[in-house]
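**Student:** Sharing my_file_17.cif below, mmCIF, C-alpha atoms:
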```cif
data_upload
loop_
_atom_site.label_atom_id
_atom_site.label_comp_id
_atom_site.auth_asym_id
_atom_site.auth_seq_id
_atom_site.Cartn_x
_atom_site.Cartn_y
_atom_site.Cartn_z
CA LEU A 1 -50.09 47.72 33.73
CA GLU A 2 -49.87 44.30 35.33
CA LEU A 3 -50.68 45.67 38.78
CA LEU A 4 -53.67 47.55 37.36
CA ASN A 5 -54.80 44.49 35.40
CA ILE A 6 -54.62 46.40 32.11
CA PRO A 7 -53.96 44.25 29.01
CA PHE A 8 -50.72 45.05 27.19
CA THR A 9 -48.35 43.69 24.58
CA GLY A 10 -44.82 42.59 25.33
CA SER A 11 -43.37 40.54 28.13
CA GLU A 12 -44.45 40.87 31.74
CA ALA A 13 -42.18 42.55 34.28
CA GLY A 14 -40.65 39.33 35.64
CA SER A 15 -39.50 38.16 32.22
CA LEU A 16 -38.10 41.57 31.37
CA ALA A 17 -36.16 41.70 34.64
CA VAL A 18 -34.64 38.25 34.10
CA CYS A 19 -33.79 38.94 30.46
CA HIS A 20 -32.09 42.23 31.32
CA ASP A 21 -29.29 40.09 32.81
CA LYS A 22 -28.17 38.08 29.77
CA ALA A 23 -26.03 35.69 31.81
CA LEU A 24 -28.94 34.86 34.12
CA ALA A 25 -31.26 34.42 31.13
CA LYS A 26 -28.75 32.07 29.46
CA ARG A 27 -28.47 29.99 32.65
CA LEU A 28 -32.25 29.69 32.93
CA VAL A 29 -32.86 28.69 29.31
CA ALA A 30 -30.03 26.16 29.54
CA GLN A 31 -31.73 24.66 32.62
CA ALA A 32 -34.93 24.42 30.52
CA GLY A 33 -33.01 22.31 28.01
CA VAL A 34 -32.53 24.99 25.37
CA GLY A 35 -29.12 25.00 23.69
CA THR A 36 -27.07 28.13 24.22
CA ALA A 37 -23.54 29.16 23.36
CA ARG A 38 -20.85 28.64 26.01
CA PHE A 39 -20.25 31.89 27.87
CA GLN A 40 -18.64 33.67 30.76
CA VAL A 41 -18.94 37.09 32.35
CA MET A 42 -15.84 39.30 32.49
CA SER A 43 -15.76 42.27 34.86
CA SER A 44 -12.28 43.30 33.79
CA PRO A 45 -10.11 42.98 30.68
CA ARG A 46 -7.55 41.32 32.96
CA ALA A 47 -9.90 38.45 33.86
CA SER A 48 -8.86 34.99 32.71
CA LEU A 49 -10.62 33.47 29.76
CA GLU A 50 -12.17 30.22 30.95
CA LYS A 51 -10.59 27.03 29.72
CA GLY A 52 -12.33 25.61 26.67
CA MET A 53 -13.73 28.92 25.37
CA GLU A 54 -12.96 29.03 21.65
CA PHE A 55 -12.60 31.97 19.29
CA PRO A 56 -14.37 33.65 17.63
CA LEU A 57 -16.18 35.13 20.61
CA LEU A 58 -19.00 37.66 20.80
CA VAL A 59 -18.60 40.36 23.47
CA LYS A 60 -21.48 42.56 24.65
CA PRO A 61 -22.69 44.32 27.79
CA VAL A 62 -24.33 41.84 30.16
CA ALA A 63 -27.27 44.11 31.03
CA GLU A 64 -28.29 46.27 28.07
CA GLY A 65 -31.16 45.85 25.66
CA SER A 66 -31.74 46.44 21.95
CA SER A 67 -28.18 45.37 21.12
CA LYS A 68 -26.60 48.40 22.84
CA GLY A 69 -22.86 47.86 22.74
CA VAL A 70 -23.07 45.32 19.93
CA ALA A 71 -21.14 46.28 16.80
CA LEU A 72 -19.19 44.43 14.13
CA ARG A 73 -16.08 44.69 16.30
CA SER A 74 -17.94 42.80 19.04
CA VAL A 75 -16.90 39.59 17.31
CA VAL A 76 -13.31 38.99 18.34
CA THR A 77 -10.91 36.41 16.97
CA ASP A 78 -7.95 36.74 19.33
CA GLU A 79 -7.05 37.49 22.94
CA ASP A 80 -5.87 41.08 22.33
CA SER A 81 -9.12 42.05 20.60
CA LEU A 82 -11.12 40.36 23.36
CA ARG A 83 -9.40 42.38 26.07
CA GLU A 84 -9.74 45.62 24.11
CA VAL A 85 -13.50 45.20 23.57
CA VAL A 86 -14.11 44.05 27.17
CA SER A 87 -12.23 47.13 28.44
CA GLU A 88 -14.23 49.43 26.18
CA LEU A 89 -17.61 47.97 27.17
CA VAL A 90 -16.91 47.77 30.92
CA GLY A 91 -15.77 51.40 30.83
CA LYS A 92 -18.61 52.72 28.68
CA TYR A 93 -21.51 50.83 30.26
CA ASP A 94 -20.17 50.46 33.83
CA GLN A 95 -21.08 46.76 33.94
CA PRO A 96 -19.47 43.42 33.13
CA ALA A 97 -19.26 42.07 29.61
CA LEU A 98 -20.88 38.84 28.47
CA VAL A 99 -18.40 36.81 26.43
CA GLU A 100 -19.89 33.93 24.48
CA GLU A 101 -18.75 31.64 21.73
CA PHE A 102 -19.89 32.96 18.37
CA LEU A 103 -22.48 30.74 16.70
CA SER A 104 -22.20 30.86 12.95
CA GLY A 105 -25.12 30.10 10.69
CA ARG A 106 -28.58 31.45 10.10
CA GLU A 107 -30.34 33.81 12.54
CA PHE A 108 -34.01 33.55 13.42
CA THR A 109 -36.50 35.39 15.61
CA VAL A 110 -39.48 33.52 17.03
CA GLY A 111 -42.32 35.64 18.38
CA ILE A 112 -44.84 34.21 20.84
CA LEU A 113 -48.27 35.42 21.94
CA GLY A 114 -49.97 34.39 25.15
CA ASP A 115 -49.00 33.59 28.69
CA ARG A 116 -50.54 30.20 29.37
CA LYS A 117 -51.60 28.99 25.95
CA LEU A 118 -48.72 29.96 23.67
CA ARG A 119 -49.19 30.84 20.03
CA ILE A 120 -46.10 30.93 17.80
CA LEU A 121 -46.04 33.74 15.24
CA PRO A 122 -44.46 33.24 11.80
CA ILE A 123 -40.72 32.77 12.22
CA MET A 124 -38.51 35.57 10.88
CA GLU A 125 -35.05 35.03 9.44
CA ILE A 126 -32.52 37.85 9.52
CA GLU A 127 -30.42 37.57 6.36
CA PHE A 128 -27.06 39.33 6.34
CA HIS A 129 -25.69 41.00 3.20
CA ASP A 130 -22.60 42.75 4.52
CA GLY A 131 -20.07 40.15 3.37
CA SER A 132 -18.72 39.80 6.91
CA GLU A 133 -17.16 36.50 7.93
CA HIS A 134 -18.99 36.78 11.26
CA PRO A 135 -22.22 38.71 10.64
CA ILE A 136 -24.28 39.95 13.60
CA TYR A 137 -27.48 41.92 14.06
CA SER A 138 -25.93 45.05 15.58
CA PHE A 139 -27.20 48.12 17.39
CA ASP A 140 -26.74 50.13 14.18
CA ASN A 141 -28.96 47.68 12.29
CA LYS A 142 -31.69 48.08 14.88
CA GLN A 143 -31.41 51.86 14.86
CA GLY A 144 -32.31 52.21 11.21
CA ASP A 145 -29.22 51.18 9.25
CA ASP A 146 -30.76 47.96 8.04
CA SER A 147 -29.35 48.27 4.52
CA LEU A 148 -27.11 45.26 5.12
CA VAL A 149 -29.83 42.98 6.48
CA ARG A 150 -33.06 41.64 5.06
CA PHE A 151 -36.01 40.22 6.98
CA GLN A 152 -37.68 37.12 5.58
CA VAL A 153 -41.15 36.53 7.10
CA PRO A 154 -42.10 33.80 7.15
CA ALA A 155 -38.65 32.25 7.07
CA LYS A 156 -38.05 29.81 4.25
CA ILE A 157 -37.21 26.76 6.35
CA GLU A 158 -37.89 23.05 6.34
CA ALA A 159 -40.56 21.66 8.69
CA LYS A 160 -38.01 19.91 10.95
CA LEU A 161 -36.11 23.16 11.63
CA GLN A 162 -39.36 25.07 12.16
CA LYS A 163 -40.45 22.54 14.78
CA ARG A 164 -37.07 22.77 16.58
CA LEU A 165 -37.22 26.56 16.64
CA GLU A 166 -40.77 26.57 17.94
CA GLN A 167 -39.96 24.02 20.67
CA SER A 168 -36.90 26.00 21.77
CA ALA A 169 -38.90 29.24 21.90
CA LYS A 170 -41.65 27.64 23.98
CA ALA A 171 -39.15 26.03 26.35
CA ALA A 172 -37.38 29.37 26.80
#
```
Take the structure in this file and express it as structure tokens.

**Tutor:**
Amino acid sequence: LELLNIPFTGSEAGSLAVCHDKALAKRLVAQAGVGTARFQVMSSPRASLEKGMEFPLLVKPVAEGSSKGVALRSVVTDEDSLREVVSELVGKYDQPALVEEFLSGREFTVGILGDRKLRILPIMEIEFHDGSEHPIYSFDNKQGDDSLVRFQVPAKIEAKLQKRLEQSAKAA
């Protein structure tokens, strides 16, 4: 569509290509000044965990979309679980696993329209109701089992947080 100059919704090809590699995307947004969880890429369950990485950790395929490979067991709290999930994902998806420190707290999605002049859409909060100590928006949630999540649009947030989220989204 880009090559044919046909208008479309969604990101352009360059952004999609960069974002398909989550580690590359995290490096780029960090360079833009956007905070991101500490991470490393593990190609094998035998790889060393980098010094300073703290549990709980979130483990997911480095190059899948739509939360493929992300399940409740993707949040690991010890070395044995980490190695088990890395082994499973590397074997199933034939690619390295992204291992990042789990960020607890609220989860938001910030949509943007435009390519030069950016327009922020109403911010959405994903509220978790599964009682999990480490809730995540999993592949199952995105595939229709959203009974344990609720979407609040617009998010009920204070102006200061809204401004921070919008600035981070634009910088990214």

**Student:** Residue by residue, what does the PyMOL selection byres ((chain A and resi 70-76) around 6) grab here? Present the result as a count of residues only.

**Tutor:** 14

**Student:** Using all atoms listed in the file, which residue out of A:Glu64, A:Glu12, A:Glu100, A:Glu54 lies closest to Met42 in chain A?

**Tutor:**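 That would be A:Glu100, the residue with the smallest distance to Met42 in chain A.
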
**Student:** Just say which residues the PyMOL selection byres ((chain A and resi 116-120) around 10) picks in this file, as number ranges by chain.

**Tutor:** A: 110-115, 121-123, 165-167, 169-170

**Student:** What is the distance between CA of Pro61 in chain A and CA of Leu89 in chain A, in Å to one decimal?

**Tutor:**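 Computing it gives 6.3 Å between the two atoms.
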
**Student:** Neighbours of Thr36 in chain A within 9 Å (all atoms listed in the file; same-chain residues fewer than 4 positions away dropped), as JSON, numbers by chain?

**Tutor:** {"A": [26, 27, 29, 30]}

**Student:** Using Å and a single decimal, report how far CA of Val18 in chain A sits from CA of Val85 in chain A.

**Tutor:**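 CA of Val85 in chain A sits 24.6 Å away from CA of Val18 in chain A.
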
**Student:** Show which residues sit within 10 Å of Arg46 in chain A, as an mmCIF file with C-alpha atoms, keeping the file's coordinate frame. Count all atoms listed in the file, and ignore same-chain residues fewer than 4 positions away.

**Tutor:**
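Result file selection.cif:
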```cif
data_model
loop_
_atom_site.group_PDB
_atom_site.id
_atom_site.type_symbol
_atom_site.label_atom_id
_atom_site.label_comp_id
_atom_site.auth_asym_id
_atom_site.auth_seq_id
_atom_site.Cartn_x
_atom_site.Cartn_y
_atom_site.Cartn_z
ATOM 1 C CA MET A 42 -15.840 39.300 32.490
ATOM 2 C CA ARG A 83 -9.400 42.380 26.070
ATOM 3 C CA VAL A 86 -14.110 44.050 27.170
ATOM 4 C CA SER A 87 -12.230 47.130 28.440
#
```

**Student:** Quick one: residues within 7 Å of Gln152 in chain A, all atoms listed in the file counted, chain neighbours fewer than 4 positions away excluded, as a CSV table (one decimal) with C-alpha atoms, in the frame of the given file?

**Tutor:**
```csv
chain,number,residue,atom,x,y,z
A,124,MET,CA,-38.5,35.6,10.9
A,125,GLU,CA,-35.0,35.0,9.4
A,126,ILE,CA,-32.5,37.8,9.5
```

**Student:** Box time for range 41-48 of chain A: axis-aligned, enclosing all its listed atoms, 5 Å extra on each side; report centre and edge lengths in Å to one decimal, as AutoDock Vina command-line options.

**Tutor:**
```
--center_x -13.2 --center_y 39.1 --center_z 32.8 --size_x 21.4 --size_y 18.3 --size_z 14.2
```

**Student:** Choose the residue, out of A:Gly35, A:Gly91, A:Pro7, A:Gly14, that has the smallest atom-to-atom separation from Ala172 in chain A; count all atoms listed in the file.

**Tutor:**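 Ranking A:Gly35, A:Gly91, A:Pro7, A:Gly14 by distance to Ala172 in chain A, first place goes to A:Gly35.
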
**Student:** From the list A:Val149, A:Leu1, A:Leu16, A:Ala63, which residue is nearest Ile136 in chain A when using all atoms listed in the file?

**Tutor:**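 Smallest distance to Ile136 in chain A is found for A:Val149.
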
**Student:** For Arg38 in chain A, please output as a ChimeraX atom specification all residues within 9 Å (counting only C-alpha atoms; exclusion window: fewer than 3 positions along the same chain).

**Tutor:** /A:53,99-102

**Student:** With only C-alpha atoms as the atoms that count, which of A:Gly105, A:Pro154, A:Pro96, A:Pro45 lies nearest to Asp21 in chain A?

**Tutor:**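 Looking only at the distances to Asp21 in chain A, the closest residue turns out to be A:Pro96.
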
**Student:** Work out how far CA of Val62 in chain A is from CA of Leu28 in chain A, in Å to one decimal.

**Tutor:**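 CA of Val62 in chain A lies at a distance of 14.8 Å from CA of Leu28 in chain A.
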
**Student:** Compare A:Ser44, A:Ser66, A:Ala25, A:Ala37 by their minimum atom-to-atom distance to Glu88 in chain A, counting only C-alpha atoms, and give me the closest one.

**Tutor:**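 Looking at the shortest contact to Glu88 in chain A, the residue is A:Ser44.
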
**Student:** Please supply range 125-136 of chain A, rebuilt with all heavy atoms, as an mmCIF file, in the frame of the given file.

**Tutor:**
```cif
data_model
loop_
_atom_site.group_PDB
_atom_site.id
_atom_site.type_symbol
_atom_site.label_atom_id
_atom_site.label_comp_id
_atom_site.auth_asym_id
_atom_site.auth_seq_id
_atom_site.Cartn_x
_atom_site.Cartn_y
_atom_site.Cartn_z
ATOM 1 N N GLU A 125 -36.486 35.214 9.606
ATOM 2 C CA GLU A 125 -35.050 35.030 9.440
ATOM 3 C C GLU A 125 -34.422 36.387 9.145
ATOM 4 O O GLU A 125 -34.952 37.174 8.359
ATOM 5 C CB GLU A 125 -34.730 34.062 8.308
ATOM 6 C CG GLU A 125 -33.228 33.866 8.141
ATOM 7 C CD GLU A 125 -32.844 32.741 7.193
ATOM 8 O OE1 GLU A 125 -33.727 32.192 6.511
ATOM 9 O OE2 GLU A 125 -31.644 32.421 7.127
ATOM 10 N N ILE A 126 -33.297 36.646 9.801
ATOM 11 C CA ILE A 126 -32.520 37.850 9.520
ATOM 12 C C ILE A 126 -31.397 37.409 8.589
ATOM 13 O O ILE A 126 -30.543 36.612 8.969
ATOM 14 C CB ILE A 126 -31.960 38.472 10.808
ATOM 15 C CG1 ILE A 126 -33.103 38.823 11.756
ATOM 16 C CG2 ILE A 126 -31.112 39.704 10.480
ATOM 17 C CD1 ILE A 126 -32.659 39.174 13.153
ATOM 18 N N GLU A 127 -31.433 37.923 7.362
ATOM 19 C CA GLU A 127 -30.420 37.570 6.360
ATOM 20 C C GLU A 127 -29.408 38.698 6.277
ATOM 21 O O GLU A 127 -29.778 39.864 6.145
ATOM 22 C CB GLU A 127 -31.082 37.354 4.998
ATOM 23 C CG GLU A 127 -32.089 36.224 4.998
ATOM 24 C CD GLU A 127 -32.837 36.106 3.668
ATOM 25 O OE1 GLU A 127 -32.806 37.063 2.858
ATOM 26 O OE2 GLU A 127 -33.454 35.059 3.452
ATOM 27 N N PHE A 128 -28.140 38.344 6.350
ATOM 28 C CA PHE A 128 -27.060 39.330 6.340
ATOM 29 C C PHE A 128 -26.479 39.466 4.933
ATOM 30 O O PHE A 128 -26.243 38.469 4.268
ATOM 31 C CB PHE A 128 -25.970 38.925 7.322
ATOM 32 C CG PHE A 128 -26.458 38.841 8.738
ATOM 33 C CD1 PHE A 128 -26.807 37.620 9.302
ATOM 34 C CD2 PHE A 128 -26.586 39.983 9.506
ATOM 35 C CE1 PHE A 128 -27.266 37.542 10.606
ATOM 36 C CE2 PHE A 128 -27.047 39.915 10.811
ATOM 37 C CZ PHE A 128 -27.390 38.693 11.355
ATOM 38 N N HIS A 129 -26.239 40.720 4.530
ATOM 39 C CA HIS A 129 -25.690 41.000 3.200
ATOM 40 C C HIS A 129 -24.506 41.950 3.277
ATOM 41 O O HIS A 129 -24.294 42.763 2.392
ATOM 42 C CB HIS A 129 -26.787 41.579 2.298
ATOM 43 C CG HIS A 129 -27.947 40.666 2.128
ATOM 44 N ND1 HIS A 129 -27.923 39.564 1.311
ATOM 45 C CD2 HIS A 129 -29.183 40.671 2.700
ATOM 46 C CE1 HIS A 129 -29.069 38.938 1.363
ATOM 47 N NE2 HIS A 129 -29.854 39.567 2.209
ATOM 48 N N ASP A 130 -23.734 41.837 4.365
ATOM 49 C CA ASP A 130 -22.600 42.750 4.520
ATOM 50 C C ASP A 130 -21.271 42.114 4.131
ATOM 51 O O ASP A 130 -20.235 42.753 4.176
ATOM 52 C CB ASP A 130 -22.532 43.303 5.945
ATOM 53 C CG ASP A 130 -22.234 42.245 6.990
ATOM 54 O OD1 ASP A 130 -22.128 41.051 6.641
ATOM 55 O OD2 ASP A 130 -22.109 42.614 8.172
ATOM 56 N N GLY A 131 -21.289 40.823 3.777
ATOM 57 C CA GLY A 131 -20.070 40.150 3.370
ATOM 58 C C GLY A 131 -19.137 39.807 4.513
ATOM 59 O O GLY A 131 -18.039 39.301 4.302
ATOM 60 N N SER A 132 -19.555 40.069 5.752
ATOM 61 C CA SER A 132 -18.720 39.800 6.910
ATOM 62 C C SER A 132 -18.569 38.298 7.133
ATOM 63 O O SER A 132 -19.495 37.527 6.914
ATOM 64 C CB SER A 132 -19.347 40.444 8.149
ATOM 65 O OG SER A 132 -18.675 40.036 9.313
ATOM 66 N N GLU A 133 -17.388 37.905 7.601
ATOM 67 C CA GLU A 133 -17.160 36.500 7.930
ATOM 68 C C GLU A 133 -17.983 36.077 9.142
ATOM 69 O O GLU A 133 -18.393 34.936 9.260
ATOM 70 C CB GLU A 133 -15.667 36.275 8.217
ATOM 71 C CG GLU A 133 -15.328 34.840 8.532
ATOM 72 C CD GLU A 133 -13.846 34.635 8.817
ATOM 73 O OE1 GLU A 133 -13.066 35.606 8.765
ATOM 74 O OE2 GLU A 133 -13.476 33.484 9.099
ATOM 75 N N HIS A 134 -18.226 37.038 10.043
ATOM 76 C CA HIS A 134 -18.990 36.780 11.260
ATOM 77 C C HIS A 134 -20.099 37.819 11.394
ATOM 78 O O HIS A 134 -20.013 38.725 12.227
ATOM 79 C CB HIS A 134 -18.079 36.832 12.495
ATOM 80 C CG HIS A 134 -16.878 35.955 12.399
ATOM 81 N ND1 HIS A 134 -16.966 34.578 12.395
ATOM 82 C CD2 HIS A 134 -15.573 36.245 12.293
ATOM 83 C CE1 HIS A 134 -15.763 34.063 12.307
ATOM 84 N NE2 HIS A 134 -14.896 35.057 12.233
ATOM 85 N N PRO A 135 -21.168 37.700 10.597
ATOM 86 C CA PRO A 135 -22.220 38.710 10.640
ATOM 87 C C PRO A 135 -23.023 38.669 11.940
ATOM 88 O O PRO A 135 -23.234 37.597 12.521
ATOM 89 C CB PRO A 135 -23.101 38.348 9.445
ATOM 90 C CG PRO A 135 -22.886 36.891 9.249
ATOM 91 C CD PRO A 135 -21.466 36.623 9.650
ATOM 92 N N ILE A 136 -23.441 39.840 12.411
ATOM 93 C CA ILE A 136 -24.280 39.950 13.600
ATOM 94 C C ILE A 136 -25.330 41.021 13.378
ATOM 95 O O ILE A 136 -25.156 41.932 12.563
ATOM 96 C CB ILE A 136 -23.460 40.280 14.866
ATOM 97 C CG1 ILE A 136 -22.685 41.592 14.687
ATOM 98 C CG2 ILE A 136 -22.545 39.142 15.257
ATOM 99 C CD1 ILE A 136 -22.061 42.110 15.955
#
```
